[in-house]
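*Asks:* Would you mind keeping the following structure in view while I ask a few things?
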Amino acid sequence: MDNYLRLSVHQLVDFLLRSGDIDNRVFNRSSMSEGTRLHGLYQAKQKGHYLSEVFLSTRIVIEEMEIHLEGRADGIIKKGGSEYIIDEIKTTVEDLKTFHEQNLEWHLGQAKCYAYMFAKDHNLEFIGVKLTYLRQGKERDRFIDSYTFDFLSLEQYVHDLLNEFLNFYNIILRKNKERDESIKKLTFPFKKYRVGQRELVKYAYAISRKGGRLFVEAPTGIGKTISTLFPFVKAINDNHKTKIFYLTAKNSGKEAAHQAVKIMKEKGLKIGNILITAKDKICFSKGKACNPEECPYASKYYDKIQTVLRYSLLTYDDFDLDTITQIAYENQICPFEYELDLSLFMDIIICDYNYLFDPLSYMKRYFDEDASSFLALVDEAHNLVDRSRDMYSASLSYLSFLEARKSIRHSKLNKLKLAMSKMRKMFKEYMDDSEKGEHVIKVFTPNTYKTVSSFITTLQDVNKNENKEMTSALLEFYLSVNRFSRMLELFNDSYLCYYEVKDDDVTLNLVCLDASNYLAASLRKLKASILFSATLSPIEYYVDTLGGSQEDAQLILPSPFPQNNLKIIIAPKVSIRYKNRKTSYQKVAEYIKNFVKNKIGNYFVYLPSYEYLDNLMPFIDLEECSTFQQSKEMDDQSKEIFLKNFKPQPIKTCVGFAVVGGVFGEGIDLVDDRLIGAVIVGIGMPKINFVSNHVSKYFDERGHSGYDYAYVNPGMNRVMQALGRVIRSETDKGAVLLIDERYLNNEYRDLFKAEWRRYEVAFTPDEVNEIMKDFFNK
């Protein structure tokens, strides 16, 4: 409906009334988390006449536009009879009167909107408004500012705000009308569907209509990105409040989604899309704090942003990194905050997993509000298992504490010295009476909780009022403590709680063994989601660990390319078990030589570790080939240079040696003949380790095969990812050699369940040579 607008009070007043600077000394994750806690404590202490977190909504018609305004009041106080007071609670680390004066119009505007809705609903002629300010770290400090308003003045005030907002929002309405007309005419952007592609489009559109979750395994080359984005875009016409979040772990995934949107735009689609870039990569003032004293792009940000947004939306509809940084620089505003504010008016938001799933980084502007019309596409979903565990884990290191303490050794600030002294004492409790190694405990000591909480309170105060004391090392440690504190709040039986003692260090660890419940909670906020990958086998494992259920739809698609174009060979006469690796190098080198010698082309060899890679290279005899080796410290530029060696139509064979599960194990698309073969040495299984053993134990206790969950399935996925790098087409051929005796064991049966992954066994390097010769000469 073009004449309907659903709007939250926060959206309205934040857009129109917020002014001044970005200042992370006042507004940051830690202060917001502490603010939520203080809100709850204050509300809990109020008496029976006090109602907390009251949802309010009203319908307003302005110039034929029906507006549904809604929000949640912190508190409503019933004084008796028809006398009510709206209580708006604000907390800050700043001086309360200063904070009140700087933000009065913004805060009072929010409270007046709630007062109007409540008064309208209860037919009140007058209503009170109270602004309650609480000081973080000094909880007894309070400041109260009280008002009384008549209903007619509140009505006029809210209508004036809405008229001003509509003056801007008419731009969005015009763009939405163009978008809707283009979506009606949009057809699938390619002449024909690949095998399985039409089925994926059909399933994706169905899930976007009825809601729920869909898990999809679709081989590389099927066109997963366009086959999920296209039907989700078509669904926008069914619900005009829809936003599409395309979530991915890698830049290559972002770019693939961006290209898919561009392809649809070339076919006539008119839609707003944005690529969200991480703060550390887009920042203009790297190493500087986000406040006007250190960063000029933070100064007067909220005074400028309305004008910049208006210009942006009238001028562009495709916002990538270059466009965002160009506009931000021209207007001297923070590019990161700008891209987040701009995303509010976009239809497709392409971003990292953490913007939905991370408990500290998720986009509150979307997922703390009503997200029941939103759709999510989770690309390369197999990566989310480990990523989500990391998101919900935290650690504190004594060595990082010492770095922070060293950086402030000349400080004369007593409260900071005292906080650091308490922190040192806390670490020493774990170090002094413990042997080296890992020590599992049920819970950290009460002093740990007390010290962490006290440290955060002190550092919030220092960050705001003594900011010159905040060195980069201290800030980094403070952020670690803040994250650790948040995980302490979430701590439950899905966590491993332990500390590890080394020579001069101790690390406190909260490790999430199973993040599935957190993922499920995030996905339940949405209308529909599709989690897809080329490698979701065994699919039961991924449904379980990614927050799915037995009711969720599943789709497993075959390869779209001729089965005869892929040759999989297993060499089972070599053991790559850790204890046998020293005797395997010569045999493996012979298998590799026989695999690559029959056809000039580009090949990758995936090894189980950097140690194995280094030990293998002296045995490699490929004089007629160009060889390239992955190194541990490769930056993005080095990776690009490495991949550029694998050119189309090579006149000399190129062999790249890389580590399975590393940066070249997935997310690279060396299409056509840029990669015609891959050797995978070993089964990809992670090395036996302390944490994975506890993952195994955790899932054993819950009726699963813990060893499979901790080791076999992650290893299988690494192999399948490497296997998937050999991209085939209707005409090009590709071959994969799997070297390890364990590939014929039962636990790897799921790897070869799909028809297109049928294999042939070669017991000697000469047999590999004969199979390859026959395959490429057919």
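As shown in the structure tokens, the chain order sets the letters A, B, ...; within each chain, residues go from 1, and ligands are also counted from 1 in the order they appear.
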Considering only strand (DSSP E or B) as DSSP defines it on the backbone, what residues of range 474-608 of chain A qualify? List them as a ChimeraX atom specification.

*Replies:* /A:495-501,506-512,528-533,553-556,566-571,602-607

*Asks:* Would you please give, as a PyMOL selection string, all residues of range 332-430 of chain A that DSSP assigns to helix (DSSP H, G or I) based on the backbone?

*Replies:* chain A and resi 335-343+354-357+364-367+381-391+398-407+414-430

*Asks:* Any chance you could tabulate, as a tab-separated table, the residues of range 431-519 of chain A at most 8 Å from range 129-142 of chain A with each one's nearest atom pair and distance in Å to one decimal, using only C-alpha atoms, in chain and rising number order?

*Replies:*
residue	atom	partner	partner_atom	distance
A:Thr457	CA	A:Gly137	CA	5.3
A:Thr458	CA	A:Gly137	CA	7.3
A:Asp461	CA	A:Gly137	CA	7.6

*Asks:* Please write the residues from the selection above to a file, keeping N, CA, C and O atoms, as a short mmCIF file (atom, residue, chain, number, x, y, z; two decimals), in the first residue's frame.

*Replies:*
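Contents of result-v9.cif, freshly written:
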data_model
loop_
_atom_site.label_atom_id
_atom_site.label_comp_id
_atom_site.auth_asym_id
_atom_site.auth_seq_id
_atom_site.Cartn_x
_atom_site.Cartn_y
_atom_site.Cartn_z
N THR A 457 32.66 -0.17 34.80
CA THR A 457 32.12 1.09 35.30
C THR A 457 33.21 2.18 35.35
O THR A 457 32.98 3.32 34.91
N THR A 458 34.38 1.83 35.85
CA THR A 458 35.48 2.79 35.93
C THR A 458 35.93 3.24 34.55
O THR A 458 36.13 4.43 34.30
N ASP A 461 33.69 5.72 32.81
CA ASP A 461 33.90 7.06 33.35
C ASP A 461 35.18 7.68 32.79
O ASP A 461 35.20 8.84 32.36
#

*Asks:* Taking only C-alpha atoms into account, which of A:Ser395, A:Thr627, A:Ser8, A:Thr535 comes nearest Thr220 in chain A?

*Replies:* A:Thr535

*Asks:* Excluding Leu17 in chain A and its own-chain neighbours fewer than 2 positions away, which residues fall within 10 Å of it when counting only C-alpha atoms? Please give them as a ChimeraX atom specification.

*Replies:* /A:12-15,19,103-110,161,302-303

*Asks:* Which residue out of A:Ala735, A:Arg18, A:Ser494, A:Tyr338 has the minimum interatomic distance to Arg702 in chain A when only C-alpha atoms are used?

*Replies:*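 When distances to Arg702 in chain A are compared using only C-alpha atoms, the smallest one comes from A:Ser494.
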
*Asks:* Which polymer residues have any atom within 9 Å of an atom of Phe646 in chain A, counting only C-alpha atoms, with same-chain residues fewer than 2 positions away left out, as a list in words?

*Replies:*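 Everything that qualifies: Gly601, Asn602, Tyr603, Phe642, Leu643, Lys644, Pro648, Pro650, Cys654, Val655, Gly656, Leu670, Asp673, Arg674 and Leu675 of chain A.
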
*Asks:* Kindly save the residues from that selection, with C-alpha atoms included, as a tab-separated table (two decimals), in the first residue's frame.

*Replies:*
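Contents of again.tsv, freshly written:
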chain	number	residue	atom	x	y	z
A	601	GLY	CA	46.21	-26.75	-16.90
A	602	ASN	CA	45.75	-25.20	-13.47
A	603	TYR	CA	45.68	-27.40	-10.36
A	642	PHE	CA	48.52	-15.77	-5.85
A	643	LEU	CA	45.23	-16.35	-7.70
A	644	LYS	CA	46.29	-14.30	-10.75
A	648	PRO	CA	42.68	-19.01	-18.58
A	650	PRO	CA	47.49	-21.70	-19.79
A	654	CYS	CA	50.45	-24.25	-12.76
A	655	VAL	CA	50.13	-26.01	-9.41
A	656	GLY	CA	49.13	-24.13	-6.26
A	670	LEU	CA	38.39	-19.94	-10.72
A	673	ASP	CA	39.78	-23.74	-17.19
A	674	ARG	CA	41.32	-21.54	-14.49
A	675	LEU	CA	41.15	-24.65	-12.29

*Asks:* Nearest to Lys593 in chain A: which of A:Pro765, A:Thr653, A:Ala381, A:Arg758 is it, counting only C-alpha atoms?

*Replies:*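 That would be A:Pro765, the residue with the smallest distance to Lys593 in chain A.
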
*Asks:* Determine, counting only C-alpha atoms, which protein, DNA and RNA residues have an atom within 9 Å of an atom of range 542-553 of chain A; residues of the same chain fewer than 4 positions away are not included. Present the result as a short mmCIF file (atom, residue, chain, number, x, y, z; two decimals) with C-alpha atoms, in the first residue's frame.

*Replies:*
data_model
loop_
_atom_site.label_atom_id
_atom_site.label_comp_id
_atom_site.auth_asym_id
_atom_site.auth_seq_id
_atom_site.Cartn_x
_atom_site.Cartn_y
_atom_site.Cartn_z
CA TYR A 203 10.98 -23.21 -3.06
CA ILE A 207 9.06 -19.79 1.80
CA GLY A 212 9.62 -20.35 7.98
CA ARG A 213 13.08 -21.71 7.26
CA LEU A 214 14.54 -23.57 4.31
CA PHE A 215 17.88 -25.41 4.28
CA VAL A 216 19.38 -25.87 0.82
CA ALA A 381 25.72 -21.32 5.78
CA HIS A 382 28.20 -24.06 6.72
CA LEU A 384 27.95 -20.09 10.43
CA VAL A 385 28.48 -23.09 12.74
CA SER A 388 28.31 -18.36 15.67
CA ASP A 514 26.54 -24.87 20.73
CA ALA A 515 25.08 -21.58 19.47
CA SER A 516 22.03 -23.17 17.83
CA ASN A 517 19.52 -21.74 20.32
CA TYR A 518 20.87 -18.22 19.78
CA LEU A 519 20.71 -18.62 16.01
CA ALA A 520 17.17 -19.96 16.24
CA ALA A 521 16.11 -16.97 18.36
CA LEU A 523 15.88 -16.35 12.85
CA LEU A 531 20.29 -21.08 4.74
CA LEU A 536 25.43 -28.97 3.88
CA SER A 537 26.09 -32.70 4.22
CA PRO A 538 25.05 -34.39 6.38
CA TYR A 709 29.93 -33.23 15.39
#

*Asks:* To one decimal place, how far is CA of His694 in chain A from CA of Val506 in chain A in Å?

*Replies:*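 Here the two named atoms are 19.7 Å from each other.
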
*Asks:* Which of these, A:Ala289, A:Ala571, A:Ile274, A:Leu344, has the shortest distance to Leu321 in chain A once you count only C-alpha atoms?

*Replies:*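 With only C-alpha atoms as the atom set, the closest residue is A:Ile274.
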
*Asks:* For Leu375 in chain A, work out the shell of residues within 6 Å, counting only C-alpha atoms and skipping chain neighbours fewer than 6 positions away, then give it as a VMD selection string.

*Replies:* chain A and resid 244 527 to 529

*Asks:* Taking into account only C-alpha atoms, which residue in the set A:Gly665, A:Pro714, A:Gly20, A:Gly706 is nearest to Lys687 in chain A?

*Replies:*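 Using only C-alpha atoms, Lys687 in chain A sits closest to A:Pro714.
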
*Asks:* Tell me which protein, DNA and RNA residues are within 8 Å of Ile276 in chain A, counting only C-alpha atoms, leaving out same-chain ones fewer than 2 positions away, and put them as a ChimeraX atom specification.

*Replies:* /A:274,278,320-321,339-340,349-352

*Asks:* Find, counting only C-alpha atoms, the residue in A:Asp379, A:Glu66, A:Glu294, A:Glu403 that gets nearest to Ile22 in chain A.

*Replies:*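 Of all the options, A:Glu294 lies closest to Ile22 in chain A.
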
*Asks:* Quick one: distance from CA of Glu435 in chain A to CA of Lys502 in chain A in Å, one decimal?

*Replies:* 8.5 Å
